[in-house]
>>> print(open('data_11.csv').read())   # CSV, C-alpha atoms
chain,number,residue,atom,x,y,z
A,1,MET,CA,9.9,-31.4,-165.5
A,2,GLU,CA,13.4,-31.8,-167.1
A,3,ASN,CA,12.4,-35.4,-167.9
A,4,GLU,CA,9.2,-34.3,-169.5
A,5,LYS,CA,11.1,-31.8,-171.7
A,6,VAL,CA,13.4,-34.6,-172.9
A,7,PHE,CA,10.4,-36.9,-173.5
A,8,ILE,CA,8.6,-34.2,-175.5
A,9,GLU,CA,11.7,-33.8,-177.7
A,10,THR,CA,11.8,-37.5,-178.4
A,11,LEU,CA,8.0,-37.3,-179.3
A,12,LEU,CA,8.7,-34.4,-181.7
A,13,ASN,CA,11.8,-36.0,-183.4
A,14,PRO,CA,10.6,-38.1,-186.4
A,15,LYS,CA,13.4,-40.6,-185.7
A,16,THR,CA,12.3,-41.3,-182.1
A,17,GLN,CA,8.6,-40.4,-182.4
A,18,GLN,CA,7.1,-43.9,-182.9
A,19,ALA,CA,8.9,-45.4,-179.9
A,20,ALA,CA,8.2,-42.4,-177.7
A,21,PHE,CA,4.5,-42.5,-178.7
A,22,LYS,CA,4.3,-46.2,-177.8
A,23,GLN,CA,5.7,-45.2,-174.4
A,24,LEU,CA,3.1,-42.5,-174.1
A,25,VAL,CA,0.2,-44.8,-174.9
A,26,PHE,CA,1.5,-47.4,-172.3
A,27,GLN,CA,1.7,-44.7,-169.7
A,28,TYR,CA,-1.6,-43.0,-170.3
A,29,GLN,CA,-4.0,-45.7,-171.6
A,30,LYS,CA,-5.3,-46.9,-168.2
A,31,PRO,CA,-5.8,-43.5,-166.5
A,32,LEU,CA,-7.3,-42.1,-169.7
A,33,TYR,CA,-9.6,-45.0,-170.2
A,34,ASN,CA,-10.9,-44.5,-166.6
A,35,HIS,CA,-11.3,-40.8,-167.2
A,36,ILE,CA,-13.3,-41.3,-170.4
A,37,ARG,CA,-15.3,-44.2,-169.0
A,38,ASN,CA,-16.3,-42.1,-166.0
A,39,ILE,CA,-17.7,-39.5,-168.5
A,40,VAL,CA,-19.4,-41.7,-171.1
A,41,LEU,CA,-20.2,-44.7,-168.7
A,42,ASN,CA,-20.3,-47.4,-171.4
A,43,HIS,CA,-17.2,-49.5,-172.2
A,44,ASP,CA,-17.7,-49.6,-176.0
A,45,ASP,CA,-18.1,-45.9,-176.2
A,46,ALA,CA,-15.1,-45.4,-173.9
A,47,ASP,CA,-13.1,-47.6,-176.3
A,48,ASP,CA,-14.0,-45.5,-179.3
A,49,VAL,CA,-13.3,-42.2,-177.6
A,50,LEU,CA,-10.0,-43.5,-176.2
A,51,GLN,CA,-8.8,-44.5,-179.7
A,52,ASN,CA,-9.9,-41.1,-181.1
A,53,THR,CA,-8.1,-39.4,-178.3
A,54,PHE,CA,-4.7,-41.1,-179.0
A,55,ILE,CA,-5.1,-40.5,-182.7
A,56,LYS,CA,-5.8,-36.8,-182.1
A,57,VAL,CA,-2.8,-36.6,-179.7
A,58,PHE,CA,-0.6,-38.2,-182.4
A,59,ARG,CA,-1.8,-35.9,-185.2
A,60,ASN,CA,-1.3,-32.8,-183.0
A,61,LEU,CA,2.0,-33.5,-181.5
A,62,SER,CA,3.7,-30.9,-183.6
A,63,LYS,CA,1.3,-28.3,-182.2
A,64,PHE,CA,2.2,-29.0,-178.6
A,65,LYS,CA,4.3,-26.1,-177.6
A,66,GLY,CA,4.9,-27.1,-174.0
A,67,GLU,CA,2.9,-24.2,-172.6
A,68,SER,CA,1.0,-26.6,-170.3
A,69,LYS,CA,2.1,-30.0,-168.9
A,70,LEU,CA,1.9,-32.9,-171.3
A,71,PHE,CA,-0.5,-34.6,-168.9
A,72,SER,CA,-2.9,-31.6,-168.9
A,73,TRP,CA,-2.7,-31.3,-172.7
A,74,ILE,CA,-3.6,-35.0,-173.2
A,75,TYR,CA,-6.4,-34.9,-170.6
A,76,ARG,CA,-7.8,-31.8,-172.2
A,77,ILE,CA,-8.0,-33.6,-175.6
A,78,ALA,CA,-9.6,-36.7,-173.9
A,79,THR,CA,-12.1,-34.6,-172.1
A,80,ASN,CA,-13.1,-32.7,-175.3
A,81,GLU,CA,-13.4,-35.9,-177.2
A,82,ALA,CA,-15.6,-37.4,-174.5
A,83,LEU,CA,-17.8,-34.3,-174.3
A,84,THR,CA,-18.1,-34.1,-178.1
A,85,PHE,CA,-19.1,-37.7,-178.1
A,86,LEU,CA,-21.9,-37.0,-175.5
A,87,GLN,CA,-23.1,-34.0,-177.6
A,88,GLN,CA,-23.4,-36.2,-180.7
A,89,LYS,CA,-25.4,-38.8,-178.7
A,90,THR,CA,-27.7,-36.2,-177.2
A,91,LYS,CA,-28.3,-34.7,-180.6
A,92,HIS,CA,-29.2,-38.1,-181.9
A,93,HIS,CA,-31.5,-38.8,-179.0
A,94,HIS,CA,-33.0,-35.3,-178.9
A,95,SER,CA,-32.2,-34.9,-175.2
A,96,SER,CA,-29.9,-33.0,-172.9
A,97,SER,CA,-26.6,-34.6,-171.8
A,98,GLU,CA,-28.0,-35.0,-168.3
A,99,GLU,CA,-31.0,-36.9,-169.5
A,100,TYR,CA,-28.9,-39.1,-171.7
A,101,LEU,CA,-26.5,-39.9,-168.8
A,102,GLN,CA,-29.4,-40.7,-166.5
A,103,LYS,CA,-30.6,-43.2,-169.0
A,104,GLN,CA,-27.1,-44.7,-169.4
A,105,THR,CA,-26.8,-44.9,-165.6
A,106,GLU,CA,-30.1,-46.9,-165.4
A,107,LYS,CA,-28.6,-49.4,-167.9
A,108,LEU,CA,-25.6,-50.0,-165.6
A,109,HIS,CA,-27.4,-52.7,-163.7
A,110,ALA,CA,-27.5,-54.8,-166.9
A,111,ASP,CA,-23.9,-53.9,-168.0
A,112,VAL,CA,-21.5,-56.8,-167.8
A,113,TYR,CA,-18.7,-54.4,-167.4
A,114,PHE,CA,-20.1,-52.7,-164.3
A,115,GLU,CA,-19.5,-54.7,-161.1
A,116,GLY,CA,-20.6,-52.0,-158.6
A,117,ASP,CA,-22.6,-52.9,-155.5
A,118,GLU,CA,-25.8,-51.1,-154.5
A,119,ILE,CA,-24.0,-48.1,-153.0
A,120,GLN,CA,-21.8,-47.7,-156.1
A,121,PHE,CA,-24.8,-47.8,-158.3
A,122,LYS,CA,-26.6,-45.3,-156.0
A,123,LEU,CA,-23.6,-43.0,-156.3
A,124,GLN,CA,-23.7,-43.2,-160.1
A,125,GLN,CA,-27.4,-42.3,-160.0
A,126,ALA,CA,-26.7,-39.4,-157.7
A,127,ILE,CA,-23.9,-38.0,-160.0
A,128,ALA,CA,-26.3,-38.3,-163.0
A,129,GLN,CA,-28.7,-35.8,-161.3
A,130,LEU,CA,-26.0,-33.1,-161.4
A,131,PRO,CA,-25.5,-30.5,-164.2
A,132,GLU,CA,-22.9,-31.7,-166.8
A,133,LYS,CA,-20.0,-29.5,-165.5
A,134,GLN,CA,-20.5,-30.5,-161.9
A,135,GLN,CA,-20.6,-34.1,-162.9
A,136,LEU,CA,-17.3,-33.7,-164.7
A,137,VAL,CA,-15.6,-31.9,-161.8
A,138,PHE,CA,-16.9,-34.4,-159.2
A,139,LYS,CA,-15.7,-37.4,-161.2
A,140,MET,CA,-12.3,-36.0,-161.9
A,141,LYS,CA,-11.8,-34.9,-158.3
A,142,TYR,CA,-13.4,-37.8,-156.4
A,143,PHE,CA,-12.7,-40.9,-158.6
A,144,GLU,CA,-9.5,-39.8,-160.3
A,145,GLU,CA,-8.1,-37.6,-157.5
A,146,ILE,CA,-6.7,-35.0,-159.9
A,147,LYS,CA,-5.4,-31.9,-158.1
A,148,TYR,CA,-7.3,-28.6,-158.4
A,149,GLU,CA,-4.3,-27.0,-160.2
A,150,ASP,CA,-4.2,-29.7,-162.8
A,151,LEU,CA,-8.0,-29.6,-163.1
A,152,SER,CA,-7.8,-25.9,-163.7
A,153,GLU,CA,-5.4,-26.4,-166.6
A,154,ILE,CA,-7.4,-29.2,-168.1
A,155,LEU,CA,-10.8,-27.6,-167.9
A,156,ASP,CA,-9.6,-24.0,-168.3
A,157,THR,CA,-11.4,-22.9,-165.2
A,158,SER,CA,-10.2,-21.1,-162.1
A,159,VAL,CA,-9.3,-23.1,-159.0
A,160,GLY,CA,-11.9,-21.1,-157.0
A,161,ALA,CA,-14.7,-21.9,-159.5
A,162,LEU,CA,-13.7,-25.6,-159.4
A,163,LYS,CA,-13.7,-25.8,-155.6
A,164,ALA,CA,-17.2,-24.2,-155.6
A,165,SER,CA,-18.4,-26.6,-158.3
A,166,TYR,CA,-17.1,-29.6,-156.4
A,167,HIS,CA,-18.6,-28.4,-153.1
A,168,HIS,CA,-22.0,-28.0,-154.7
A,169,ALA,CA,-21.7,-31.4,-156.3
A,170,VAL,CA,-20.8,-33.1,-152.9
A,171,LYS,CA,-23.7,-31.4,-151.1
A,172,LYS,CA,-26.2,-32.5,-153.8
A,173,ILE,CA,-24.9,-36.1,-153.8
A,174,GLU,CA,-25.0,-36.3,-150.1
A,175,GLU,CA,-28.6,-35.1,-150.2
A,176,TYR,CA,-29.5,-37.7,-152.8
A,177,LEU,CA,-27.8,-40.5,-150.9
A,178,LYS,CA,-29.5,-39.5,-147.6
A,179,LYS,CA,-33.0,-40.0,-149.1
A,180,ASP,CA,-32.9,-43.8,-148.7
B,1,MET,CA,-32.9,-40.2,-142.8
B,2,LYS,CA,-29.2,-41.2,-142.4
B,3,SER,CA,-26.5,-38.6,-142.6
B,4,PHE,CA,-23.9,-39.2,-145.3
B,5,ASP,CA,-20.5,-37.6,-145.4
B,6,ILE,CA,-19.0,-38.6,-148.7
B,7,GLU,CA,-15.6,-37.0,-148.1
B,8,ASN,CA,-15.1,-38.5,-144.7
B,9,SER,CA,-16.5,-42.0,-145.4
B,10,SER,CA,-14.4,-44.7,-147.0
B,11,LYS,CA,-13.9,-44.1,-150.7
B,12,ILE,CA,-16.6,-45.4,-153.0
B,13,LYS,CA,-15.1,-46.7,-156.3
B,14,SER,CA,-16.8,-46.1,-159.7
B,15,GLY,CA,-17.6,-49.8,-160.1
B,16,PHE,CA,-16.5,-49.9,-163.8
B,17,LYS,CA,-14.7,-53.0,-165.0
B,18,VAL,CA,-12.4,-53.4,-168.0
B,19,PRO,CA,-12.7,-56.5,-170.1
B,20,ASP,CA,-9.9,-59.0,-169.8
B,21,GLY,CA,-7.0,-58.4,-172.1
B,22,TYR,CA,-8.6,-55.1,-173.3
B,23,PHE,CA,-5.4,-53.0,-173.2
B,24,GLU,CA,-3.4,-55.5,-175.2
B,25,GLU,CA,-6.1,-55.6,-177.8
B,26,PHE,CA,-6.4,-51.8,-177.7
B,27,ASN,CA,-2.7,-51.4,-178.3
B,28,ALA,CA,-2.7,-53.7,-181.4
B,29,LYS,CA,-5.7,-51.8,-182.8
B,30,LEU,CA,-4.2,-48.4,-182.2
B,31,THR,CA,-0.8,-49.5,-183.7
B,32,GLU,CA,-2.8,-50.5,-186.9
B,33,GLN,CA,-4.5,-47.1,-187.0
B,34,LEU,CA,-1.3,-45.2,-186.4
B,35,ALA,CA,0.4,-47.1,-189.2
B,36,ILE,CA,-2.3,-45.8,-191.6
B,37,GLU,CA,-1.7,-42.3,-190.2
B,38,VAL,CA,2.0,-42.5,-190.8
B,39,GLU,CA,1.8,-44.1,-194.3
B,40,PRO,CA,2.3,-41.5,-197.0
B,41,LYS,CA,-0.7,-41.2,-199.3
B,42,VAL,CA,-0.1,-42.7,-202.8
B,43,ILE,CA,-1.6,-40.9,-205.7
B,44,VAL,CA,-2.4,-43.5,-208.4
B,45,LEU,CA,-1.5,-42.0,-211.8
B,46,HIS,CA,-3.0,-44.7,-214.0
B,47,SER,CA,-6.4,-45.2,-212.5
B,48,ARG,CA,-9.4,-45.4,-214.9
B,49,LYS,CA,-10.7,-42.1,-213.6
B,50,THR,CA,-7.3,-40.4,-214.4
B,51,LEU,CA,-7.2,-41.9,-217.9
B,52,TRP,CA,-10.7,-40.5,-218.6
B,53,TYR,CA,-9.5,-37.0,-217.4
B,54,PHE,CA,-6.5,-37.2,-219.8
B,55,ALA,CA,-8.8,-38.3,-222.7
B,56,ILE,CA,-11.2,-35.4,-222.1
B,57,ALA,CA,-8.3,-33.0,-221.8
B,58,ALA,CA,-6.8,-34.3,-225.1
B,59,VAL,CA,-10.1,-33.9,-227.0
B,60,LEU,CA,-10.6,-30.4,-225.7
B,61,LEU,CA,-7.0,-29.5,-226.7
B,62,VAL,CA,-7.6,-30.7,-230.2
B,63,ALA,CA,-11.0,-28.9,-230.4
B,64,ILE,CA,-9.4,-25.6,-229.3
B,65,SER,CA,-6.3,-25.9,-231.5
B,66,ILE,CA,-8.1,-26.4,-234.8
B,67,PRO,CA,-9.6,-22.9,-235.0
B,68,VAL,CA,-6.4,-21.4,-233.7
B,69,TYR,CA,-4.4,-23.2,-236.4
B,70,GLN,CA,-6.9,-22.0,-239.1
B,71,ASN,CA,-6.5,-18.4,-238.0
B,72,TRP,CA,-2.8,-18.8,-237.8
B,73,LYS,CA,-2.7,-19.9,-241.5
B,74,VAL,CA,-4.7,-16.8,-242.6
B,75,ASP,CA,-2.4,-14.5,-240.7
B,76,THR,CA,0.8,-16.0,-242.1
B,77,SER,CA,-0.3,-16.2,-245.8
B,78,PRO,CA,1.9,-14.2,-248.2
B,79,GLN,CA,1.2,-10.5,-248.5
B,80,LEU,CA,-0.8,-9.3,-251.5
B,81,ASN,CA,1.5,-8.2,-254.3
B,82,GLN,CA,1.2,-4.9,-256.4
B,83,ASP,CA,-0.3,-6.6,-259.5
B,84,GLU,CA,-3.1,-8.2,-257.5
B,85,ILE,CA,-4.0,-4.9,-256.0
B,86,GLU,CA,-4.0,-3.2,-259.4
B,87,ASN,CA,-6.1,-5.9,-261.0
B,88,TYR,CA,-8.6,-5.7,-258.2
B,89,LEU,CA,-8.9,-1.9,-258.6
B,90,SER,CA,-9.1,-2.1,-262.4
B,91,TYR,CA,-11.9,-4.6,-262.5
B,92,HIS,CA,-13.8,-3.7,-259.4
B,93,PRO,CA,-17.0,-1.9,-260.6
B,94,SER,CA,-17.6,0.1,-257.5
B,95,ILE,CA,-14.3,2.0,-257.7
B,96,THR,CA,-14.3,4.8,-260.2
B,97,THR,CA,-11.4,6.8,-261.7
B,98,GLU,CA,-12.5,9.8,-259.7
B,99,ASP,CA,-12.2,7.7,-256.5
B,100,LEU,CA,-8.6,6.9,-257.4
B,101,ILE,CA,-7.8,10.6,-258.3
B,102,THR,CA,-8.9,11.8,-254.9
B,103,LEU,CA,-6.5,9.4,-253.3
B,104,LEU,CA,-3.5,10.7,-255.2
B,105,ASN,CA,-1.4,13.5,-253.7
B,106,GLU,CA,0.9,16.0,-255.5
B,107,GLU,CA,4.0,13.7,-255.5
B,108,ASP,CA,2.0,10.8,-257.0
B,109,ILE,CA,0.8,13.0,-259.8
B,110,GLN,CA,4.4,14.2,-260.6
B,111,ALA,CA,5.6,10.6,-260.6
B,112,LEU,CA,2.9,9.7,-263.0
B,113,GLN,CA,3.8,12.6,-265.3
B,114,LYS,CA,7.4,11.5,-265.4
B,115,SER,CA,6.8,7.9,-266.0
B,116,LYS,CA,4.1,8.3,-268.6
B,117,THR,CA,5.6,10.3,-271.5
B,118,ILE,CA,3.2,10.1,-274.4
B,119,GLU,CA,4.5,10.0,-278.0
B,120,SER,CA,3.0,12.7,-280.5
B,121,GLU,CA,2.0,9.8,-282.9
B,122,THR,CA,0.0,8.2,-280.2
B,123,ILE,CA,-1.9,11.5,-279.5
B,124,GLU,CA,-2.6,11.8,-283.2
B,125,ASN,CA,-4.0,8.3,-283.5
B,126,TYR,CA,-6.1,8.8,-280.4
B,127,LEU,CA,-7.6,12.1,-281.8
B,128,LEU,CA,-8.3,10.5,-285.2
B,129,THR,CA,-10.1,7.6,-283.7
B,130,THR,CA,-12.1,9.5,-281.1
B,131,GLU,CA,-15.6,10.5,-282.1
B,132,SER,CA,-15.5,13.8,-280.2
B,133,LEU,CA,-12.6,15.2,-282.2
B,134,GLU,CA,-14.7,17.5,-284.3
B,135,TYR,CA,-16.2,19.0,-281.1
B,136,TYR,CA,-12.7,19.6,-279.7
B,137,LEU,CA,-11.4,21.2,-282.9
B,138,ILE,CA,-14.4,23.5,-283.2
B,139,ASN,CA,-14.2,24.7,-279.6
>>> encode(input="data_11.csv", output="structure tokens")
Amino acid sequence: MENEKVFIETLLNPKTQQAAFKQLVFQYQKPLYNHIRNIVLNHDDADDVLQNTFIKVFRNLSKFKGESKLFSWIYRIATNEALTFLQQKTKHHHSSSEEYLQKQTEKLHADVYFEGDEIQFKLQQAIAQLPEKQQLVFKMKYFEEIKYEDLSEILDTSVGALKASYHHAVKKIEEYLKKD
Amino acid sequence: MKSFDIENSSKIKSGFKVPDGYFEEFNAKLTEQLAIEVEPKVIVLHSRKTLWYFAIAAVLLVAISIPVYQNWKVDTSPQLNQDEIENYLSYHPSITTEDLITLLNEEDIQALQKSKTIESETIENYLLTTESLEYYLIN
């Protein structure tokens, strides 16, 4: 925590900001890419959203007051960017975000940047059947293994509601996978 | 129908792959973007557009200042002097002697009496040359 405080100070100091931000990008680029890719599914889209996320983080550094963890704050920005991206796509395709993600999931078989086997593909299909919020909670908990307390800060939702959401998601996925 | 326990089975990964060298490329691209963010914005003073704005502003300034200058000239012209007023009143047909008398107050009349002392010779000449003399003498 003390280390984070010092790091934030270097991020806010104009003299040390650039070097500190490079360090931040190095530290977060891989987990944030995975987080965004899990939401938007396609690599090119994840690339765009990741870039927008870091630019937004940079522009808003001065507004970060340290009320939440730096990690949660950055993940919140990334999640919002990814969800906004999905909203724009669904508007363009005149569909719901679930319908859009189901179509994107069907395209994964032909995606050169998806190397999943049959069970991995099946799991992606099962997730795509869930409501948007349950998809998000399941992906962040199951694939990214983010703690409920951190999830609560990122998604601004109570731990109890998140646990319930995850539980429902797991049940529906198990049901879907049992079908074959 | 097989039972499937997702939490107690071995972990299933997402299956997503990152292109080779992606993060190196991403870093270079992001650094470029951030350089644009940090760079202060330069305002070009001598662009064609700006020159046009200056030209239009100059024309407007001249157009507005001409009537202002004209009015200024009228306002600052020398005050009318006493003779000019007198001449105007003497030769202006619409102003009669009666009009002038009504404008005179007691002090003005006394001042006129003091300044205009008429010689008896002048009165005599006037009476001799005036046609109504006989009428005055009889009455």
>>> residues_around(input="data_11.csv", residues="stretch 137-140 of chain A", least_positions_apart="5", cutoff="8 Å", atoms="all atoms listed in the file", output="NGL selection string")
:A and (35 or 38-39 or 127 or 145-146 or 151 or 162 or 165-166 or 169-170)
>>> interface_residues(input="data_11.csv", of="chain B", to="chain A", cutoff="12 Å", atoms="only C-alpha atoms", output="ChimeraX atom specification")
/B:1-20,22-38
>>> atom_distance(input="data_11.csv", atom1="atom CA of A:Ser96", atom2="atom CA of A:Glu132")
9.4 Å
>>> atom_distance(input="data_11.csv", atom1="atom CA of A:Pro131", atom2="atom CA of A:Ser97")
8.7 Å
>>> atom_distance(input="data_11.csv", atom1="atom CA of A:Thr53", atom2="atom CA of A:Gln23")
15.5 Å
>>> build_atoms(input="data_11.csv", residues="stretch 78-92 of chain B", atoms="N, CA and C atoms", output="mmCIF file, keeping the file's coordinate frame")
data_model
loop_
_atom_site.group_PDB
_atom_site.id
_atom_site.type_symbol
_atom_site.label_atom_id
_atom_site.label_comp_id
_atom_site.auth_asym_id
_atom_site.auth_seq_id
_atom_site.Cartn_x
_atom_site.Cartn_y
_atom_site.Cartn_z
ATOM 1 N N PRO B 78 1.036 -15.278 -247.640
ATOM 2 C CA PRO B 78 1.900 -14.200 -248.200
ATOM 3 C C PRO B 78 1.112 -12.917 -248.437
ATOM 4 N N GLN B 79 1.802 -11.792 -248.358
ATOM 5 C CA GLN B 79 1.200 -10.500 -248.500
ATOM 6 C C GLN B 79 0.710 -10.318 -249.988
ATOM 7 N N LEU B 80 -0.334 -9.540 -250.172
ATOM 8 C CA LEU B 80 -0.800 -9.300 -251.500
ATOM 9 C C LEU B 80 0.219 -8.512 -252.314
ATOM 10 N N ASN B 81 0.470 -8.908 -253.561
ATOM 11 C CA ASN B 81 1.500 -8.200 -254.300
ATOM 12 C C ASN B 81 0.815 -7.006 -255.090
ATOM 13 N N GLN B 82 1.639 -6.173 -255.679
ATOM 14 C CA GLN B 82 1.200 -4.900 -256.400
ATOM 15 C C GLN B 82 0.221 -5.235 -257.501
ATOM 16 N N ASP B 83 0.537 -6.274 -258.320
ATOM 17 C CA ASP B 83 -0.300 -6.600 -259.500
ATOM 18 C C ASP B 83 -1.699 -6.967 -259.078
ATOM 19 N N GLU B 84 -1.770 -7.779 -257.954
ATOM 20 C CA GLU B 84 -3.100 -8.200 -257.500
ATOM 21 C C GLU B 84 -3.952 -7.026 -257.085
ATOM 22 N N ILE B 85 -3.296 -6.049 -256.446
ATOM 23 C CA ILE B 85 -4.000 -4.900 -256.000
ATOM 24 C C ILE B 85 -4.515 -4.080 -257.262
ATOM 25 N N GLU B 86 -3.612 -3.948 -258.195
ATOM 26 C CA GLU B 86 -4.000 -3.200 -259.400
ATOM 27 C C GLU B 86 -5.110 -3.855 -260.169
ATOM 28 N N ASN B 87 -5.019 -5.195 -260.313
ATOM 29 C CA ASN B 87 -6.100 -5.900 -261.000
ATOM 30 C C ASN B 87 -7.419 -5.736 -260.330
ATOM 31 N N TYR B 88 -7.363 -5.822 -258.992
ATOM 32 C CA TYR B 88 -8.600 -5.700 -258.200
ATOM 33 C C TYR B 88 -9.230 -4.332 -258.465
ATOM 34 N N LEU B 89 -8.355 -3.267 -258.431
ATOM 35 C CA LEU B 89 -8.900 -1.900 -258.600
ATOM 36 C C LEU B 89 -9.388 -1.664 -260.016
ATOM 37 N N SER B 90 -8.727 -2.289 -261.004
ATOM 38 C CA SER B 90 -9.100 -2.100 -262.400
ATOM 39 C C SER B 90 -10.466 -2.681 -262.715
ATOM 40 N N TYR B 91 -10.705 -3.878 -262.128
ATOM 41 C CA TYR B 91 -11.900 -4.600 -262.500
ATOM 42 C C TYR B 91 -13.052 -4.489 -261.513
ATOM 43 N N HIS B 92 -12.783 -3.807 -260.418
ATOM 44 C CA HIS B 92 -13.800 -3.700 -259.400
ATOM 45 C C HIS B 92 -14.796 -2.585 -259.810
#
